[in-house]
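Enquirer: Got a file for you: coords15.txt, compact mmCIF, C-alpha atoms.
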# COMPACT_ATOMS: atom_id res chain seq x y z
CA MET A 1 0.00 0.00 0.00
CA HIS A 2 1.48 3.30 -1.06
CA ILE A 3 1.22 6.64 0.69
CA MET A 4 -1.98 8.26 -0.53
CA GLU A 5 -2.23 11.40 -2.61
CA GLY A 6 -1.81 14.52 -0.51
CA PHE A 7 -0.79 12.69 2.66
CA LEU A 8 2.77 14.00 2.84
CA PRO A 9 2.98 17.68 3.78
CA SER A 10 5.69 20.07 2.63
CA PRO A 11 8.67 19.81 2.82
CA TRP A 12 8.57 16.01 2.98
CA TRP A 13 7.17 15.24 -0.44
CA GLN A 14 9.77 17.53 -2.05
CA ILE A 15 12.57 15.91 -0.03
CA TRP A 16 11.62 12.42 -1.21
CA PHE A 17 11.41 13.65 -4.79
CA ALA A 18 14.91 15.12 -4.46
CA ILE A 19 16.26 11.83 -3.10
CA SER A 20 14.55 9.62 -5.68
CA LEU A 21 15.20 11.69 -8.78
CA PRO A 22 18.97 11.06 -9.11
CA VAL A 23 18.40 7.30 -8.74
CA ILE A 24 15.72 7.38 -11.46
CA ILE A 25 18.03 9.32 -13.77
CA TYR A 26 20.86 6.86 -13.15
CA GLY A 27 18.40 4.00 -13.68
CA ILE A 28 17.26 5.39 -17.03
CA TYR A 29 20.92 5.80 -18.05
CA LYS A 30 21.61 2.17 -17.15
CA LEU A 31 18.42 1.05 -18.87
CA ASN A 32 19.52 2.81 -22.06
CA GLY A 33 22.82 0.95 -21.97
CA LEU A 34 20.94 -2.33 -21.57
CA ILE A 35 18.60 -1.57 -24.46
CA LYS A 36 21.48 -0.60 -26.76
CA ASN A 37 24.05 -3.24 -25.91
CA LYS A 38 22.25 -6.25 -24.53
CA ARG A 39 19.13 -6.61 -26.64
CA ASP A 40 18.88 -10.32 -25.90
CA LEU A 41 18.12 -9.47 -22.27
CA LEU A 42 15.09 -7.32 -23.07
CA PRO A 43 12.52 -10.12 -22.75
CA LEU A 44 13.75 -10.79 -19.24
CA LEU A 45 13.49 -7.09 -18.46
CA ALA A 46 9.87 -7.19 -19.64
CA VAL A 47 9.23 -10.21 -17.41
CA ALA A 48 10.72 -8.40 -14.39
CA GLY A 49 8.54 -5.34 -15.04
CA ALA A 50 5.45 -7.45 -15.65
CA TYR A 51 6.07 -9.30 -12.39
CA ILE A 52 5.93 -6.00 -10.48
CA PHE A 53 2.71 -5.20 -12.37
CA ILE A 54 1.05 -8.42 -11.26
CA LEU A 55 2.20 -8.55 -7.67
CA SER A 56 1.43 -4.94 -6.86
CA SER A 57 -2.12 -5.35 -8.19
CA LEU A 58 -2.93 -8.21 -5.85
CA LYS A 59 -4.33 -6.90 -2.60
CA LEU A 60 -4.13 -9.78 -0.19
CA PRO A 61 -5.78 -10.17 3.21
CA SER A 62 -3.39 -10.47 6.12
CA VAL A 63 -3.32 -11.63 9.74
CA THR A 64 -4.04 -8.10 10.97
CA GLY A 65 -7.48 -8.08 9.36
CA SER A 66 -6.48 -5.57 6.72
CA CYS A 67 -5.21 -5.86 3.16
CA SER A 68 -1.98 -4.93 1.50
CA HIS A 69 -0.12 -5.97 -1.62
CA PRO A 70 3.33 -7.41 -2.30
CA THR A 71 5.74 -5.38 -4.41
CA GLY A 72 7.42 -7.87 -6.75
CA THR A 73 10.54 -5.73 -7.01
CA GLY A 74 12.89 -8.40 -5.68
CA LEU A 75 13.01 -10.23 -9.03
CA ALA A 76 14.11 -7.10 -10.90
CA ALA A 77 16.58 -6.18 -8.16
CA ILE A 78 18.35 -9.54 -8.27
CA LEU A 79 18.39 -9.65 -12.08
CA PHE A 80 19.12 -6.04 -13.04
CA GLY A 81 20.12 -4.24 -9.84
CA PRO A 82 18.31 -1.58 -7.81
CA ALA A 83 18.65 1.36 -10.26
CA ILE A 84 16.75 -0.34 -13.07
CA SER A 85 14.23 -1.68 -10.53
CA ALA A 86 13.55 1.91 -9.50
CA VAL A 87 12.53 2.82 -13.06
CA LEU A 88 10.28 -0.26 -13.32
CA GLY A 89 8.74 0.61 -9.95
CA LEU A 90 8.11 4.16 -11.15
CA ILE A 91 6.12 2.89 -14.14
CA VAL A 92 3.84 0.80 -11.91
CA LEU A 93 3.44 3.60 -9.38
CA LEU A 94 2.48 6.04 -12.14
CA TYR A 95 -0.14 3.62 -13.50
CA GLN A 96 -1.65 3.20 -10.04
CA ALA A 97 -1.50 6.90 -9.19
CA LEU A 98 -3.13 8.01 -12.45
CA PHE A 99 -5.74 5.32 -13.04
CA LEU A 100 -6.49 3.91 -9.62
CA ALA A 101 -6.08 6.84 -7.21
CA HIS A 102 -3.75 4.44 -5.39
CA GLY A 103 -0.67 6.28 -4.23
CA GLY A 104 -0.43 9.74 -5.74
CA LEU A 105 1.58 12.25 -7.72
CA THR A 106 2.69 14.38 -4.76
CA THR A 107 3.66 11.24 -2.84
CA LEU A 108 5.29 9.67 -5.90
CA GLY A 109 8.81 10.58 -4.73
CA ALA A 110 8.31 8.91 -1.36
CA ASN A 111 6.64 5.86 -2.90
CA VAL A 112 9.40 5.47 -5.49
CA PHE A 113 11.91 5.64 -2.67
CA SER A 114 10.22 2.94 -0.56
CA MET A 115 9.09 0.55 -3.30
CA GLY A 116 11.54 1.28 -6.12
CA ILE A 117 14.73 2.03 -4.24
CA ALA A 118 14.80 0.89 -0.59
CA GLY A 119 13.17 -2.51 -1.18
CA PRO A 120 15.34 -3.42 -4.19
CA VAL A 121 18.54 -2.19 -2.50
CA ILE A 122 17.86 -4.40 0.53
CA ALA A 123 16.94 -7.34 -1.72
CA PHE A 124 20.09 -6.86 -3.82
CA ILE A 125 22.41 -6.60 -0.78
CA ILE A 126 20.86 -9.64 0.91
CA TYR A 127 21.08 -11.69 -2.29
CA LYS A 128 24.74 -10.81 -2.83
CA ALA A 129 25.61 -11.43 0.83
CA CYS A 130 23.83 -14.80 0.86
CA THR A 131 25.45 -16.07 -2.34
CA LYS A 132 28.84 -14.87 -1.12
CA ALA A 133 28.28 -16.82 2.08
CA GLY A 134 27.62 -19.88 -0.07
CA LEU A 135 23.97 -20.21 0.90
CA ASN A 136 21.64 -22.28 -1.29
CA PHE A 137 20.57 -20.20 -4.33
CA TYR A 138 16.84 -20.58 -3.74
CA ILE A 139 17.10 -19.72 -0.05
CA ALA A 140 19.09 -16.61 -1.01
CA VAL A 141 16.35 -15.59 -3.47
CA PHE A 142 13.64 -16.24 -0.88
CA LEU A 143 15.35 -14.18 1.83
CA ALA A 144 16.20 -11.34 -0.55
CA CYS A 145 12.68 -10.99 -1.95
CA ALA A 146 10.83 -11.46 1.34
CA LEU A 147 13.02 -9.02 3.26
CA GLY A 148 13.09 -6.56 0.35
CA ASP A 149 9.28 -6.56 0.31
CA LEU A 150 9.20 -6.02 4.08
CA ALA A 151 11.80 -3.24 3.84
CA THR A 152 9.54 -1.33 1.48
CA TYR A 153 6.84 -1.14 4.11
CA VAL A 154 9.22 -0.40 6.98
CA VAL A 155 10.49 2.55 4.91
CA THR A 156 6.91 3.64 4.14
CA SER A 157 6.32 3.70 7.91
CA ILE A 158 9.50 5.75 8.43
CA GLU A 159 8.44 8.22 5.74
CA LEU A 160 5.05 8.73 7.39
CA ALA A 161 6.55 8.87 10.90
CA LEU A 162 8.99 11.61 9.87
CA ALA A 163 6.16 13.65 8.39
CA PHE A 164 3.79 13.04 11.31
CA PRO A 165 5.77 12.84 14.57
CA ALA A 166 3.60 12.18 17.60
CA GLN A 167 3.21 15.04 20.07
CA ILE A 168 4.34 12.80 22.90
CA GLY A 169 7.24 10.53 21.95
CA GLY A 170 7.91 12.08 18.55
CA VAL A 171 8.97 10.17 15.47
CA LEU A 172 9.60 6.88 17.26
CA THR A 173 6.08 6.65 18.68
CA SER A 174 4.44 7.38 15.36
CA PHE A 175 6.82 4.98 13.61
CA LYS A 176 5.55 2.23 15.91
CA ALA A 177 1.96 3.14 15.04
CA PHE A 178 2.59 3.11 11.26
CA ALA A 179 4.79 0.02 11.37
CA THR A 180 2.05 -1.86 13.22
CA ILE A 181 -0.22 -1.19 10.24
CA PHE A 182 2.16 -1.55 7.33
CA ALA A 183 5.04 -3.78 8.38
CA ILE A 184 3.14 -6.35 10.43
CA THR A 185 0.42 -6.70 7.80
CA GLN A 186 3.19 -7.28 5.30
CA VAL A 187 4.96 -10.19 7.03
CA PRO A 188 2.85 -13.05 5.60
CA LEU A 189 2.68 -11.32 2.20
CA ALA A 190 6.45 -10.96 2.15
CA ILE A 191 6.81 -14.70 2.78
CA ILE A 192 4.46 -15.45 -0.12
CA GLU A 193 6.30 -13.05 -2.41
CA GLY A 194 9.62 -14.69 -1.53
CA ALA A 195 8.25 -18.17 -2.19
CA ILE A 196 6.68 -17.28 -5.54
CA THR A 197 9.79 -15.47 -6.74
CA VAL A 198 11.78 -18.63 -6.01
CA LEU A 199 9.49 -20.46 -8.44
CA ILE A 200 9.99 -17.78 -11.11
CA PHE A 201 13.75 -18.23 -10.77
CA LYS A 202 13.37 -21.97 -11.06
CA TYR A 203 11.56 -21.53 -14.39
CA VAL A 204 14.06 -18.97 -15.65
CA ILE A 205 16.80 -21.51 -14.98
CA GLN A 206 14.80 -24.18 -16.80
CA VAL A 207 14.25 -22.20 -19.99
CA LYS A 208 17.02 -19.62 -20.23
CA SER A 209 19.73 -20.22 -17.65
CA ASP A 210 22.52 -18.57 -19.67
CA VAL A 211 21.11 -15.07 -19.04
CA LEU A 212 21.70 -15.48 -15.31
CA VAL A 213 25.42 -15.92 -15.96
CA LYS A 214 25.39 -12.95 -18.35
CA LEU A 215 23.75 -10.76 -15.71
CA ASN A 216 26.22 -11.93 -13.03
CA VAL A 217 23.38 -13.34 -10.97
CA LEU A 218 25.14 -16.70 -10.83
CA SER A 219 28.62 -17.89 -11.73
CA GLU A 220 29.04 -20.80 -14.18
CA ALA A 221 29.88 -23.07 -11.27
CA GLY A 222 26.98 -21.76 -9.20
CA LEU A 223 24.56 -22.39 -12.05
CA ARG A 224 25.78 -25.98 -12.48
CA LYS A 225 25.25 -26.57 -8.79
CA VAL A 226 21.68 -25.21 -8.86
CA LYS A 227 20.89 -27.32 -11.91
CA GLU A 228 22.15 -30.51 -10.28
CA MET A 229 20.13 -29.73 -7.21
CA THR A 230 16.79 -29.40 -9.00
CA THR A 231 17.07 -32.27 -11.44
CA MET B 1 8.54 -30.57 -8.18
CA LYS B 2 9.81 -30.16 -4.63
CA LEU B 3 9.80 -26.36 -4.76
CA GLU B 4 6.28 -26.23 -6.14
CA ILE B 5 5.02 -28.35 -3.26
CA ILE B 6 6.70 -26.12 -0.68
CA VAL B 7 5.16 -23.02 -2.27
CA ALA B 8 1.74 -24.68 -2.48
CA VAL B 9 1.93 -25.54 1.23
CA ILE B 10 2.84 -21.93 2.12
CA ILE B 11 -0.15 -20.66 0.14
CA LEU B 12 -2.45 -23.25 1.71
CA VAL B 13 -1.36 -22.26 5.22
CA PHE B 14 -1.97 -18.63 4.30
CA THR B 15 -5.44 -19.42 2.94
CA ALA B 16 -6.37 -21.51 5.97
CA GLN B 17 -5.24 -18.68 8.24
CA PHE B 18 -7.40 -16.25 6.28
CA LEU B 19 -10.46 -18.50 6.36
CA TYR B 20 -10.07 -19.05 10.08
CA MET B 21 -9.46 -15.38 10.87
CA SER B 22 -12.27 -14.10 8.69
CA SER B 23 -14.81 -16.45 10.23
CA THR B 24 -13.80 -15.88 13.86
CA THR B 25 -13.20 -12.14 13.84
CA ASP B 26 -15.20 -9.32 12.34
CA SER B 27 -12.24 -7.69 10.61
CA GLU B 28 -13.13 -5.52 7.67
CA TYR B 29 -10.12 -6.34 5.51
CA GLY B 30 -9.86 -2.75 4.35
CA GLY B 31 -6.69 -1.33 2.85
CA ALA B 32 -3.69 -0.71 5.11
CA ASP B 33 -3.40 2.78 3.61
CA GLY B 34 -6.88 3.64 4.85
CA GLU B 35 -5.85 2.61 8.36
CA ALA B 36 -2.77 4.79 8.10
CA GLU B 37 -5.12 7.68 7.35
CA GLY B 38 -6.80 6.97 10.68
CA VAL B 39 -3.47 7.08 12.51
CA ILE B 40 -2.58 10.38 10.84
CA GLU B 41 -5.89 11.79 12.00
CA GLU B 42 -5.17 10.63 15.55
CA LEU B 43 -1.62 11.99 15.57
CA THR B 44 -2.61 15.41 14.28
CA GLY B 45 -5.85 15.60 16.23
CA GLY B 46 -7.87 15.57 13.02
CA THR B 47 -6.35 18.83 11.80
CA TYR B 48 -4.49 17.45 8.81
CA GLU B 49 -5.90 18.32 5.42
CA PRO B 50 -4.42 16.44 2.46
CA ILE B 51 -2.36 18.87 0.39
CA ALA B 52 -3.66 17.42 -2.89
CA ASP B 53 -6.48 15.24 -4.19
CA PRO B 54 -6.14 12.51 -6.81
CA ILE B 55 -6.67 14.05 -10.24
CA TRP B 56 -8.95 11.17 -11.21
CA GLU B 57 -10.58 8.50 -9.12
CA PRO B 58 -12.28 5.34 -10.39
CA PRO B 59 -15.97 6.22 -10.14
CA SER B 60 -16.89 2.92 -8.47
CA GLY B 61 -15.45 -0.19 -6.88
CA GLU B 62 -16.31 -2.08 -10.07
CA ILE B 63 -14.21 0.24 -12.24
CA GLU B 64 -11.41 0.06 -9.72
CA SER B 65 -11.36 -3.74 -9.77
CA LEU B 66 -11.48 -3.61 -13.58
CA LEU B 67 -8.33 -1.50 -13.67
CA PHE B 68 -6.57 -3.63 -11.05
CA SER B 69 -7.41 -6.79 -13.02
CA LEU B 70 -6.19 -5.12 -16.18
CA GLN B 71 -2.90 -4.39 -14.46
CA ALA B 72 -2.52 -8.04 -13.44
CA ALA B 73 -3.61 -9.27 -16.88
CA ILE B 74 -1.00 -7.16 -18.68
CA GLY B 75 1.67 -8.56 -16.38
CA ALA B 76 0.53 -12.16 -16.77
CA LEU B 77 0.37 -11.82 -20.56
CA VAL B 78 3.95 -10.58 -20.81
CA ILE B 79 5.34 -13.25 -18.49
CA GLY B 80 3.43 -16.06 -20.19
CA TYR B 81 4.47 -14.87 -23.65
CA PHE B 82 8.19 -14.78 -22.96
CA PHE B 83 8.35 -17.98 -20.92
CA GLY B 84 6.46 -19.71 -23.72
CA TYR B 85 8.77 -18.20 -26.32
CA TYR B 86 11.91 -19.39 -24.52
CA LYS B 87 10.46 -22.83 -23.89
CA GLY B 88 9.41 -23.22 -27.52
CA LYS B 89 12.81 -22.07 -28.75
CA LYS B 90 14.57 -24.60 -26.57
CA GLN B 91 12.66 -27.55 -27.98
CA PRO B 92 13.01 -27.65 -31.77
CA MET B 93 9.98 -29.06 -33.58
Show me the file's structure as structure tokens.
Expert:
Amino acid sequence: MHIMEGFLPSPWWQIWFAISLPVIIYGIYKLNGLIKNKRDLLPLLAVAGAYIFILSSLKLPSVTGSCSHPTGTGLAAILFGPAISAVLGLIVLLYQALFLAHGGLTTLGANVFSMGIAGPVIAFIIYKACTKAGLNFYIAVFLACALGDLATYVVTSIELALAFPAQIGGVLTSFKAFATIFAITQVPLAIIEGAITVLIFKYVIQVKSDVLVKLNVLSEAGLRKVKEMTT
Amino acid sequence: MKLEIIVAVIILVFTAQFLYMSSTTDSEYGGADGEAEGVIEELTGGTYEPIADPIWEPPSGEIESLLFSLQAAIGALVIGYFFGYYKGKKQPM
């Protein structure tokens, strides 16, 4: 669930725009390089974007008795890195802000930061750390995507807490209030997102495993190991 | 097949949890963003006025679900197309 239109007062919505804009510009620059030089990877890019489209349209009920949706950005983050994920996230957020009144244009900067930047950065770091530590590939994907999804909503709570500090207790108190809504609702959804993304990776390996080596997601040796494991 | 079974079990547990929770509590299952609006109201003592309104809102819940389904359908189409393309390419006729 994104921050709704109009629900971030000045100067916060401008601040989040200022933080997100350079990342988007860098992401577009990287995307251009990909489109020019690595045309064979474009279908996978489309799949990563489409995955965000699907997952962020599915509002799922959660243990807290309210609904929220997964983000789907972990797949793009692991495949193409956080900068390109930010651009893909921006496209989805624009669609939802313009056609669904979900999220908004003034809160777009903050929403791009939480869903397009913070989530993918966490997912990317966790994936790299896990594979470096020699953890099973699928467990690494699961942890990266689940925690990346959760990070998005923790950051959303931080963004709202900074803009609306409680009169008694300040930012920390209001962070607890927002995190209770966003982050706790998200826990089961994050687990589901992690699990489903693992399946997507399994199918990518089945049909087009060479792109994972090209994108430095897996080494040749790592890929062989994963293949032996699943067959 | 092992991974598929694990994922299916996770989704089943999630569904069972939902069915149990929705029949034993009277939760409304509204959006988390709507609840955040309530918290903002509480924190500011109801004084906060949104600084902007959405430029266009779906006129009804039906239209909204249409546009959400459209979003999911576009995504599913693209994923299905490319996975099918790769799979077909891998297995020559």
Enquirer: Give me, as a Markdown table, the closest atom pair and its distance (Å, one decimal) for every residue of chain A within a cut-off of 8 Å of chain B, counting only C-alpha atoms, rows sorted by chain and rising number.
Expert:
| residue | atom | partner | partner_atom | distance |
| --- | --- | --- | --- | --- |
| A:Met1 | CA | B:Asp33 | CA | 5.7 |
| A:His2 | CA | B:Asp33 | CA | 6.8 |
| A:Ile3 | CA | B:Asp33 | CA | 6.7 |
| A:Met4 | CA | B:Asp33 | CA | 7.0 |
| A:Glu5 | CA | B:Pro54 | CA | 5.8 |
| A:Gly6 | CA | B:Ala52 | CA | 4.2 |
| A:Phe7 | CA | B:Pro50 | CA | 5.2 |
| A:Leu8 | CA | B:Ile51 | CA | 7.5 |
| A:Pro9 | CA | B:Ile51 | CA | 6.4 |
| A:Pro43 | CA | B:Phe82 | CA | 6.4 |
| A:Leu44 | CA | B:Phe82 | CA | 7.8 |
| A:Ala46 | CA | B:Val78 | CA | 6.9 |
| A:Val47 | CA | B:Ile79 | CA | 5.1 |
| A:Gly49 | CA | B:Gly75 | CA | 7.7 |
| A:Ala50 | CA | B:Gly75 | CA | 4.0 |
| A:Tyr51 | CA | B:Gly75 | CA | 6.0 |
| A:Ile52 | CA | B:Gly75 | CA | 7.7 |
| A:Phe53 | CA | B:Gly75 | CA | 5.3 |
| A:Ile54 | CA | B:Ala72 | CA | 4.2 |
| A:Leu55 | CA | B:Ala72 | CA | 7.5 |
| A:Ser57 | CA | B:Phe68 | CA | 5.6 |
| A:Leu58 | CA | B:Ala72 | CA | 7.6 |
| A:Pro61 | CA | B:Tyr29 | CA | 6.2 |
| A:Ser62 | CA | B:Phe18 | CA | 7.0 |
| A:Val63 | CA | B:Phe18 | CA | 7.1 |
| A:Gly65 | CA | B:Ser27 | CA | 4.9 |
| A:Ser66 | CA | B:Tyr29 | CA | 3.9 |
| A:Cys67 | CA | B:Gly31 | CA | 4.8 |
| A:Ser68 | CA | B:Ala32 | CA | 5.8 |
| A:Ala97 | CA | B:Pro54 | CA | 7.7 |
| A:Leu98 | CA | B:Trp56 | CA | 6.7 |
| A:Phe99 | CA | B:Trp56 | CA | 6.9 |
| A:Leu100 | CA | B:Pro58 | CA | 6.0 |
| A:Ala101 | CA | B:Glu57 | CA | 5.2 |
| A:Gly104 | CA | B:Pro54 | CA | 6.4 |
| A:Leu105 | CA | B:Pro54 | CA | 7.8 |
| A:Thr106 | CA | B:Ala52 | CA | 7.3 |
| A:Phe164 | CA | B:Ile40 | CA | 6.9 |
| A:Pro165 | CA | B:Leu43 | CA | 7.5 |
| A:Ala166 | CA | B:Leu43 | CA | 5.6 |
| A:Gln167 | CA | B:Leu43 | CA | 7.3 |
| A:Ser174 | CA | B:Leu43 | CA | 7.6 |
| A:Ala177 | CA | B:Val39 | CA | 7.2 |
| A:Phe178 | CA | B:Ala36 | CA | 6.4 |
| A:Ile181 | CA | B:Ala32 | CA | 6.2 |
| A:Phe182 | CA | B:Ala32 | CA | 6.3 |
| A:Thr185 | CA | B:Ala32 | CA | 7.7 |
| A:Pro188 | CA | B:Phe14 | CA | 7.5 |
| A:Ile192 | CA | B:Ile11 | CA | 7.0 |
| A:Ala195 | CA | B:Val7 | CA | 5.8 |
| A:Ile196 | CA | B:Val7 | CA | 6.8 |
| A:Leu199 | CA | B:Leu3 | CA | 7.0 |
| A:Val204 | CA | B:Phe83 | CA | 7.8 |
| A:Val207 | CA | B:Lys87 | CA | 5.5 |
| A:Lys208 | CA | B:Tyr86 | CA | 6.7 |
Enquirer: Convert the current residue selection to file output with C-alpha atoms, as a CSV table (one decimal), in the coordinates of the input.
Expert:
chain,number,residue,atom,x,y,z
A,1,MET,CA,0.0,0.0,0.0
A,2,HIS,CA,1.5,3.3,-1.1
A,3,ILE,CA,1.2,6.6,0.7
A,4,MET,CA,-2.0,8.3,-0.5
A,5,GLU,CA,-2.2,11.4,-2.6
A,6,GLY,CA,-1.8,14.5,-0.5
A,7,PHE,CA,-0.8,12.7,2.7
A,8,LEU,CA,2.8,14.0,2.8
A,9,PRO,CA,3.0,17.7,3.8
A,43,PRO,CA,12.5,-10.1,-22.8
A,44,LEU,CA,13.8,-10.8,-19.2
A,46,ALA,CA,9.9,-7.2,-19.6
A,47,VAL,CA,9.2,-10.2,-17.4
A,49,GLY,CA,8.5,-5.3,-15.0
A,50,ALA,CA,5.4,-7.4,-15.6
A,51,TYR,CA,6.1,-9.3,-12.4
A,52,ILE,CA,5.9,-6.0,-10.5
A,53,PHE,CA,2.7,-5.2,-12.4
A,54,ILE,CA,1.0,-8.4,-11.3
A,55,LEU,CA,2.2,-8.6,-7.7
A,57,SER,CA,-2.1,-5.4,-8.2
A,58,LEU,CA,-2.9,-8.2,-5.8
A,61,PRO,CA,-5.8,-10.2,3.2
A,62,SER,CA,-3.4,-10.5,6.1
A,63,VAL,CA,-3.3,-11.6,9.7
A,65,GLY,CA,-7.5,-8.1,9.4
A,66,SER,CA,-6.5,-5.6,6.7
A,67,CYS,CA,-5.2,-5.9,3.2
A,68,SER,CA,-2.0,-4.9,1.5
A,97,ALA,CA,-1.5,6.9,-9.2
A,98,LEU,CA,-3.1,8.0,-12.4
A,99,PHE,CA,-5.7,5.3,-13.0
A,100,LEU,CA,-6.5,3.9,-9.6
A,101,ALA,CA,-6.1,6.8,-7.2
A,104,GLY,CA,-0.4,9.7,-5.7
A,105,LEU,CA,1.6,12.2,-7.7
A,106,THR,CA,2.7,14.4,-4.8
A,164,PHE,CA,3.8,13.0,11.3
A,165,PRO,CA,5.8,12.8,14.6
A,166,ALA,CA,3.6,12.2,17.6
A,167,GLN,CA,3.2,15.0,20.1
A,174,SER,CA,4.4,7.4,15.4
A,177,ALA,CA,2.0,3.1,15.0
A,178,PHE,CA,2.6,3.1,11.3
A,181,ILE,CA,-0.2,-1.2,10.2
A,182,PHE,CA,2.2,-1.6,7.3
A,185,THR,CA,0.4,-6.7,7.8
A,188,PRO,CA,2.8,-13.0,5.6
A,192,ILE,CA,4.5,-15.4,-0.1
A,195,ALA,CA,8.2,-18.2,-2.2
A,196,ILE,CA,6.7,-17.3,-5.5
A,199,LEU,CA,9.5,-20.5,-8.4
A,204,VAL,CA,14.1,-19.0,-15.6
A,207,VAL,CA,14.2,-22.2,-20.0
A,208,LYS,CA,17.0,-19.6,-20.2
Enquirer: Within 10 Å of Ile25 (chain A), counting all atoms listed in the file, which residues show up once you throw out same-chain ones fewer than 3 positions away? Write them as a list in words, please.
Expert: Ser20, Leu21, Pro22, Ile28, Tyr29, Lys30, Leu31, Ala83, Ile84, Ala86 and Val87 of chain A
Enquirer: Distance CA of Ala18 (chain A)-CA of Met115 (chain A), one decimal place?
Expert: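 Rounded to one decimal, the two atoms are 15.7 Å apart.
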Enquirer: Expressed in Å to a single decimal, how great is the separation between CA of Ile184 (chain A) and CA of Thr64 (chain A)?
Expert: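 Computing it gives 7.4 Å between the two atoms.
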Enquirer: Here is a test: counting only C-alpha atoms, which residue of A:Trp16, A:Leu143, A:Pro82, A:Asn111 is nearest to Ala129 (chain A)?
Expert: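 Among A:Trp16, A:Leu143, A:Pro82, A:Asn111, it is A:Leu143 that comes nearest to Ala129 (chain A).
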Enquirer: Using all atoms listed in the file for the distances, tell me which of A:Ala163, A:Leu189, A:Leu218, A:Val211 is nearest to Pro11 (chain A).
Expert: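 Of all the options, A:Ala163 lies closest to Pro11 (chain A).
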Enquirer: Could you rebuild region 44-57 of chain B with N, CA and C atoms and give it back as a short mmCIF file (atom, residue, chain, number, x, y, z; two decimals), in the coordinates of the input?
Expert:
data_model
loop_
_atom_site.label_atom_id
_atom_site.label_comp_id
_atom_site.auth_asym_id
_atom_site.auth_seq_id
_atom_site.Cartn_x
_atom_site.Cartn_y
_atom_site.Cartn_z
N THR B 44 -2.52 13.97 14.48
CA THR B 44 -2.61 15.41 14.28
C THR B 44 -3.86 15.98 14.93
N GLY B 45 -4.62 15.13 15.61
CA GLY B 45 -5.85 15.60 16.23
C GLY B 45 -6.91 15.98 15.21
N GLY B 46 -6.86 15.32 14.04
CA GLY B 46 -7.87 15.57 13.02
C GLY B 46 -7.70 16.88 12.27
N THR B 47 -6.53 17.52 12.44
CA THR B 47 -6.35 18.83 11.80
C THR B 47 -5.73 18.73 10.42
N TYR B 48 -5.23 17.53 10.07
CA TYR B 48 -4.49 17.45 8.81
C TYR B 48 -5.42 17.41 7.59
N GLU B 49 -5.17 18.33 6.69
CA GLU B 49 -5.90 18.32 5.42
C GLU B 49 -4.94 17.87 4.34
N PRO B 50 -5.31 16.86 3.54
CA PRO B 50 -4.42 16.44 2.46
C PRO B 50 -4.06 17.63 1.58
N ILE B 51 -2.79 17.70 1.16
CA ILE B 51 -2.36 18.87 0.39
C ILE B 51 -2.77 18.76 -1.08
N ALA B 52 -3.23 17.57 -1.50
CA ALA B 52 -3.66 17.42 -2.89
C ALA B 52 -4.68 16.29 -2.96
N ASP B 53 -5.53 16.33 -3.97
CA ASP B 53 -6.48 15.24 -4.19
C ASP B 53 -6.10 14.51 -5.47
N PRO B 54 -6.44 13.22 -5.55
CA PRO B 54 -6.14 12.51 -6.81
C PRO B 54 -6.80 13.22 -7.98
N ILE B 55 -6.08 13.32 -9.12
CA ILE B 55 -6.67 14.05 -10.24
C ILE B 55 -7.84 13.28 -10.84
N TRP B 56 -7.83 11.97 -10.72
CA TRP B 56 -8.95 11.17 -11.21
C TRP B 56 -9.12 9.96 -10.30
N GLU B 57 -10.35 9.67 -9.95
CA GLU B 57 -10.58 8.50 -9.12
C GLU B 57 -11.53 7.57 -9.86
#
